[in-house]
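To start, the structure itself, in structure tokens.
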Amino acid sequence: MSYRLLSVDKEELDISPPGLKERNYLGLSDCSSVDSSTIHNRVQDGEKSNLNFKATELRLGLPESQSPERETDFGLLSPRTPDEKLLFPLLPSKDIAASATIGHKNVVSGNKRGFADTWDEFSSVKGSVRPGGGINMMLSPKIKDVPKSIQEERSHAKGGSNNAPAAKAQVVGWPPIRSYRKNTMASSTSKNTDEVDGKPGLGALFVKVSMDGAPYLRKVDLRTYTCYQQLSSALEKMFSCFTLGQCGLHGAQGRERMSETKLKDLLHGSEFVLTYEDKDGDWMLVGDVPWEIFTETCQKLKIMKGSDSIGLAPGAVEKSKNKDRV
Amino acid sequence: MNYFPDEVVEHVFDFVTSHKDRNAISLVCKSWYKIERYSRQKVFIGNCYATNPERLLRRFPCLKSLTLKGKPHFADFNLVPHEWGGFVQPWIEALARSRVGLEELRLKRMVVTDESLELLSRSFVNFKSLVLVSCEGFTTDGLASIAANCRHLRDLDLQENEIDDHRGQWLSCFPDTCTTLVTLNFACLEGETNLVALERLVARSPNLKSLKLNRAVPLDALARLMSCAPQMVDLGVGSYENDPDSESYLKLQAAIKKCTSLRSLSGFLEAAPHCLSAFHPICHNLTSLNLSYAAEIHGSHLIKLIQHCKKLQRLWILDSIGDKGLEVVASTCKELQELRVFPSDLVGGGNTAVTEEGLVAISAGCPKLHSILYFCQQMTNAALVTVAKNCPNFIRFRLCILEPNKPDHVTSQPLDEGFGAIVKACKNLRRLSLSGLLTDQVFLYIGMYANQLEMLSIAFAGDTDKGMLYVLNGCKKMKKLEIRDSPFGDTALLADVSKYETMRSLWMSSCEVTLSGCKRLAEKAPWLNVEIINETDNNRMEENGHEGRQKVDKLYLYRTVVGTRMDAPPFVWIL
């Protein structure tokens, strides 16, 4: 029954709002270093205490949408579920018995597309279905149901997916690299095109991200995101350790009170706003132009205090202030 | 048997330091057992659930140093849910209650809380050394308690942990009277660092030999730190970013030149490559170089640096060094013993950074090489045969071909013969990790030749249960066997249950073992903990009619003297 739900939404997808685009979820399994800062963290919400998120929430005030719901979306019954279960449909279900195992010879390479589409399925569902029931049902199917449903999903996925994802899908926990290393590399790697050994193919697009008050800057690969929402979440996560400190200044004790203060700050307009420097050297508010144009023109990102950004595209700032925050 | 008084025997035992040897001594006779246990100061527990703190303390009341490991190795690759277990709290509580004079605690893959750290810091007056590797669950508040309360702290070594950073005031918690630090490694902290507190701490620590900084320590601070600690032996550079102004850079160069004791260099998380030349003057002294996080150092800068490092024994780098770079290593670093080449492009862009050629070059040029971890895109049997011939001294051989099931790229054959050559030639091989296309044949070779093998990692390999059986029957010294995504099932699992008593643990995930197979195993071997980790509700597994034939997601079994653990989360089912 959980999969029927999926297929229904599949149709809705075709007319889904522009924000819900095809996503490049290669990092879901934590195998991809670059993506892990976004997906990895999002998926692992259930594992870290939810307090973490409340306390470290940083709304980036993008005009088009708010950061996705995090607590309940992935209100996981068990932490590993989205990783494992959804990645299993790599195989044709010739071997049905229990969890579809991946890794029998010659199968992995043949089914990467299937996986990516399946995950895309899931991610789009998230946006349109009430998170709690739908996702949970999908995440914890009975074991024997999985293979059948995988076949269903995969045929739907192949039929109706949008643009092909750029990257191959990945296997859970492969290559065997510690998550610490992957996360560290994700924020350190620079593949700027001026490097002699720059890597072709996927054309990673790393831009520096700085934040007012932070002691050092980070880098993000814009190619790993396909919409502003993803970028926003990733940055929130990356810079959360600094915002926590900001709260500390207000003398809040303990995480819960910190989050209250934080939210109050957000509501009173001292939220952070994401801006970028374009090819002409002008600083603009992120979110005004279509994503593709943004990625082509963005040279640098900067997380500014809301008050500092008033001079920029005032309409956008106004819009973001009025938007409902969850 | 004993012609000597106990004190003399004990004195002799003092010279025996390795755990294995001391364990062996204790088995000789009752008298030696007794003497040994009262004189034992360092204990190593490879699986924290194999025993419990009470038994530990009963046997070794004079314990001073404890090493504990928690989660299975595959937890490093996110195959084990975070809540699985490995909590250090009960251990610290028990140790604190017993008033044992704990001085050193080393933890790997365990869950550590701020509460645990606080308790630790308050309970042991002579506590000196805390080493945490791949742990999680704590914040900088916990570090603050350690800093504040451990009067004689010598080592605070945090390696690759996941720490919630509450913004760096923990450094100021070291009292002004604290002057005993020898090791300070906080490279894994993500947040800001109080530079003033850090500089003062380093300035008042004349014994500081190992300092590993995090990203938030900029270049000018580094220069100051190095100036007040010229006795430094092991340095982890944090942020090396930004073009330094000429004055800062000159200061750094001067400071580096004074560090004539520097033997080990690491870090460079963010690096301006052309500044590396500041380190060239001391490179000829370096024995250890870890640039595996330095994604921004490529090509010529890297090679230039390495060309100065003629005494290098340990090198960790990224595959962006390329086969050509490895050839430079091979011709320069004749003392090389350990090499790790990590993948720089984890997105799978298919860039062939290092291949079998680099590996062969290293094996040919570095006669002392005994440990290797090599991530690459392709391999051939011929290359492995050559490597085996060149380097019969391997103790650890870990090869990871990034694409699962990839055959020899020249002959399209499985890599059985290549790995077979390795195990045949390397008679002292203790650790082996396999990859690429492999059939049961490779396991036959392993079973036949790998007599000293203690740890074997298998992924996407083998055809039938025979593969696993070869290993279980052949490798007498096997301690840790971990298998994923391979077609081994109940037959292999149940063939020789007593084998598991000689091993520390067995991990099997995405294999063919069924629930009923695991149940039978658990029945036959009550001295094993057989844990099933399933994503779904385990009750549902029982309700299903197909219960017996249901495959198990993840199986982790280990020998234990204390039975089922009480702290398992709901998704772990202990049979």
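All residue names refer to the structure tokens as shown: chains lettered A, B, ... in order, residues numbered from 1 in each chain, ligands numbered from 1 in order.
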
Checklist entry - Near Ala24 in chain B, counting only C-alpha atoms, which residues have an atom at most 12 Å away, once you skip same-chain residues fewer than 6 positions from it, shown as a PyMOL selection string? => result chain B and resi 13+16-18+32-33+36-37

Within 8 Å of chain A, which residues of chain B come that close, and what is the closest atom pair and distance in Å for each? Count only C-alpha atoms and give it as a Markdown table.
| residue | atom | partner | partner_atom | distance |
| --- | --- | --- | --- | --- |
| B:Asp76 | CA | A:Arg178 | CA | 5.0 |
| B:Phe77 | CA | A:Gly173 | CA | 4.6 |
| B:Asn78 | CA | A:Gly173 | CA | 5.8 |
| B:Leu79 | CA | A:Gly173 | CA | 6.3 |
| B:Val80 | CA | A:Arg80 | CA | 7.9 |
| B:Pro81 | CA | A:Arg80 | CA | 5.7 |
| B:His82 | CA | A:Glu47 | CA | 6.4 |
| B:Glu83 | CA | A:Glu47 | CA | 7.3 |
| B:Glu160 | CA | A:Tyr180 | CA | 6.1 |
| B:Asn161 | CA | A:Tyr180 | CA | 7.4 |
| B:Glu162 | CA | A:Tyr180 | CA | 7.4 |
| B:Asp164 | CA | A:Cys241 | CA | 7.9 |
| B:Asp165 | CA | A:Cys241 | CA | 6.3 |
| B:His166 | CA | A:Gly245 | CA | 6.6 |
| B:Arg167 | CA | A:Gly245 | CA | 5.8 |
| B:Glu190 | CA | A:Cys241 | CA | 7.5 |
| B:Gly191 | CA | A:Cys241 | CA | 6.1 |
| B:Glu192 | CA | A:Pro215 | CA | 6.4 |
| B:Arg215 | CA | A:Tyr216 | CA | 7.8 |
| B:Ala216 | CA | A:Pro215 | CA | 6.3 |
| B:Leu269 | CA | A:Ser188 | CA | 6.3 |
| B:Glu270 | CA | A:Ser188 | CA | 6.2 |
| B:Tyr293 | CA | A:Met185 | CA | 6.5 |
| B:Ala294 | CA | A:Ser188 | CA | 7.7 |
| B:Ala295 | CA | A:Thr189 | CA | 5.1 |
| B:Glu296 | CA | A:Ser190 | CA | 5.9 |
| B:His298 | CA | A:Asp197 | CA | 7.2 |
| B:Gly299 | CA | A:Asp197 | CA | 7.3 |
| B:Ser344 | CA | A:Met185 | CA | 7.9 |
| B:Leu346 | CA | A:Ser32 | CA | 5.3 |
| B:Val347 | CA | A:Ser32 | CA | 5.2 |
| B:Gly348 | CA | A:Lys168 | CA | 7.2 |
| B:Gly349 | CA | A:Leu202 | CA | 6.2 |
| B:Asn351 | CA | A:Lys199 | CA | 7.3 |
| B:Cys400 | CA | A:Pro175 | CA | 7.6 |
| B:Leu402 | CA | A:Pro175 | CA | 6.0 |
| B:Pro404 | CA | A:Gly103 | CA | 7.5 |
| B:Asn405 | CA | A:Lys105 | CA | 6.1 |
| B:Leu437 | CA | A:Lys105 | CA | 7.8 |
| B:Phe460 | CA | A:Gly103 | CA | 5.3 |
| B:Ala461 | CA | A:Lys105 | CA | 7.9 |
| B:Asp485 | CA | A:Gly103 | CA | 5.1 |
| B:Ser486 | CA | A:His104 | CA | 6.8 |
| B:Pro487 | CA | A:His104 | CA | 7.4 |
| B:Ser510 | CA | A:Thr101 | CA | 5.2 |
| B:Cys511 | CA | A:Thr101 | CA | 7.1 |
| B:Glu535 | CA | A:Thr81 | CA | 5.7 |
| B:Thr536 | CA | A:Ser140 | CA | 5.6 |
| B:Asp537 | CA | A:Ser140 | CA | 7.9 |
| B:Arg540 | CA | A:Lys142 | CA | 7.2 |
| B:Met541 | CA | A:Ile143 | CA | 7.8 |
| B:Arg549 | CA | A:Ala97 | CA | 7.3 |
| B:Gln550 | CA | A:Ala98 | CA | 5.4 |
| B:Lys551 | CA | A:Ala98 | CA | 4.9 |
| B:Val552 | CA | A:Ala98 | CA | 7.3 |
| B:Asp553 | CA | A:Ser99 | CA | 6.4 |
| B:Phe571 | CA | A:Ser78 | CA | 7.1 |

Item to check | Atomic separation - CA of Thr439 in chain B relative to CA of Lys466 in chain B, Å | outcome: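 Distance reported for this atom pair: 10.1 Å.
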
Apply DSSP to the structure's backbone, then extract all residues of range 342-539 of chain B labelled alpha helix (DSSP H) and return them as a tab-separated table (two decimals) with C-alpha atoms, in the first residue's frame.
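Contents of result-v5.tsv, as written:
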chain	number	residue	atom	x	y	z
B	356	GLU	CA	48.33	-0.47	-11.05
B	357	GLU	CA	51.42	1.21	-12.43
B	358	GLY	CA	51.81	3.43	-9.42
B	359	LEU	CA	51.52	0.44	-7.15
B	360	VAL	CA	54.13	-1.50	-9.05
B	361	ALA	CA	56.49	1.48	-9.03
B	362	ILE	CA	56.20	1.79	-5.29
B	363	SER	CA	56.77	-1.89	-4.73
B	364	ALA	CA	59.84	-1.75	-6.87
B	365	GLY	CA	61.32	1.33	-5.29
B	381	ASN	CA	46.83	-9.76	-12.06
B	382	ALA	CA	50.21	-9.16	-13.61
B	383	ALA	CA	50.75	-6.06	-11.52
B	384	LEU	CA	49.82	-7.85	-8.33
B	385	VAL	CA	52.14	-10.72	-9.14
B	386	THR	CA	54.96	-8.22	-9.64
B	387	VAL	CA	54.13	-6.44	-6.42
B	388	ALA	CA	54.19	-9.73	-4.56
B	389	LYS	CA	57.60	-10.51	-5.95
B	390	ASN	CA	58.96	-7.09	-5.10
B	416	ASP	CA	42.12	-14.32	-8.04
B	417	GLU	CA	45.62	-14.98	-9.29
B	418	GLY	CA	46.89	-11.57	-8.33
B	419	PHE	CA	45.70	-11.74	-4.76
B	420	GLY	CA	46.76	-15.35	-4.66
B	421	ALA	CA	50.28	-14.27	-5.46
B	422	ILE	CA	50.19	-11.74	-2.66
B	423	VAL	CA	49.11	-14.21	0.00
B	424	LYS	CA	51.52	-16.81	-1.22
B	425	ALA	CA	54.53	-14.51	-1.16
B	440	ASP	CA	35.88	-18.74	-4.84
B	441	GLN	CA	39.39	-19.40	-6.10
B	442	VAL	CA	40.90	-16.44	-4.30
B	443	PHE	CA	39.53	-17.79	-1.05
B	444	LEU	CA	41.10	-21.12	-1.72
B	445	TYR	CA	44.44	-19.37	-2.01
B	446	ILE	CA	43.82	-17.38	1.13
B	447	GLY	CA	42.88	-20.47	3.08
B	448	MET	CA	45.95	-22.29	1.82
B	449	TYR	CA	48.59	-19.64	2.21
B	465	ASP	CA	29.67	-20.98	0.34
B	466	LYS	CA	32.90	-22.75	-0.49
B	467	GLY	CA	34.66	-19.42	-0.59
B	468	MET	CA	33.89	-18.62	3.01
B	469	LEU	CA	34.58	-22.19	4.05
B	470	TYR	CA	38.07	-22.09	2.61
B	471	VAL	CA	38.82	-19.10	4.75
B	472	LEU	CA	37.27	-20.42	7.93
B	473	ASN	CA	39.04	-23.73	7.59
B	474	GLY	CA	42.35	-22.43	6.42
B	490	ASP	CA	23.99	-20.65	6.21
B	491	THR	CA	26.06	-23.61	5.10
B	492	ALA	CA	29.26	-21.66	5.47
B	493	LEU	CA	28.07	-19.94	8.60
B	494	LEU	CA	27.22	-23.14	10.41
B	515	LEU	CA	17.23	-15.91	10.11
B	516	SER	CA	16.84	-19.60	10.82
B	517	GLY	CA	20.52	-20.13	10.11
B	518	CYS	CA	21.39	-17.48	12.63
B	519	LYS	CA	19.02	-18.96	15.15
B	520	ARG	CA	20.60	-22.34	14.79
B	521	LEU	CA	23.99	-20.80	15.26
B	522	ALA	CA	22.90	-19.02	18.39
B	523	GLU	CA	21.55	-22.28	19.79
B	524	LYS	CA	24.75	-24.14	19.09
B	538	ASN	CA	11.99	-7.49	14.23
B	539	ASN	CA	8.62	-8.64	15.46

Checklist entry - Quick one: residues within 12 Å of range 194-207 of chain B, only C-alpha atoms counted, chain neighbours fewer than 5 positions away excluded, as a PyMOL selection string? => result (chain A and resi 215) or (chain B and resi 147+152-155+166-186+212-233)

Next on the checklist: My list of candidates is A:Tyr228, A:Phe272, A:Gly306, A:Glu236. Which is closest to Val289 in chain A when distances are computed with only C-alpha atoms?
Outcome noted: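 Among A:Tyr228, A:Phe272, A:Gly306, A:Glu236, it is A:Tyr228 that comes nearest to Val289 in chain A.
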
Item to check | Spatial neighbours of Pro61 in chain B, 8 Å, only C-alpha atoms, chain gap at least 3 places, as a ChimeraX atom specification | outcome: /B:37-38,56-58,100

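Distances from B:Trp527, B:Trp316, B:Phe375, B:Phe124 to Asp345 in chain B were compared using only C-alpha atoms, and the smallest one belongs to B:Phe375.
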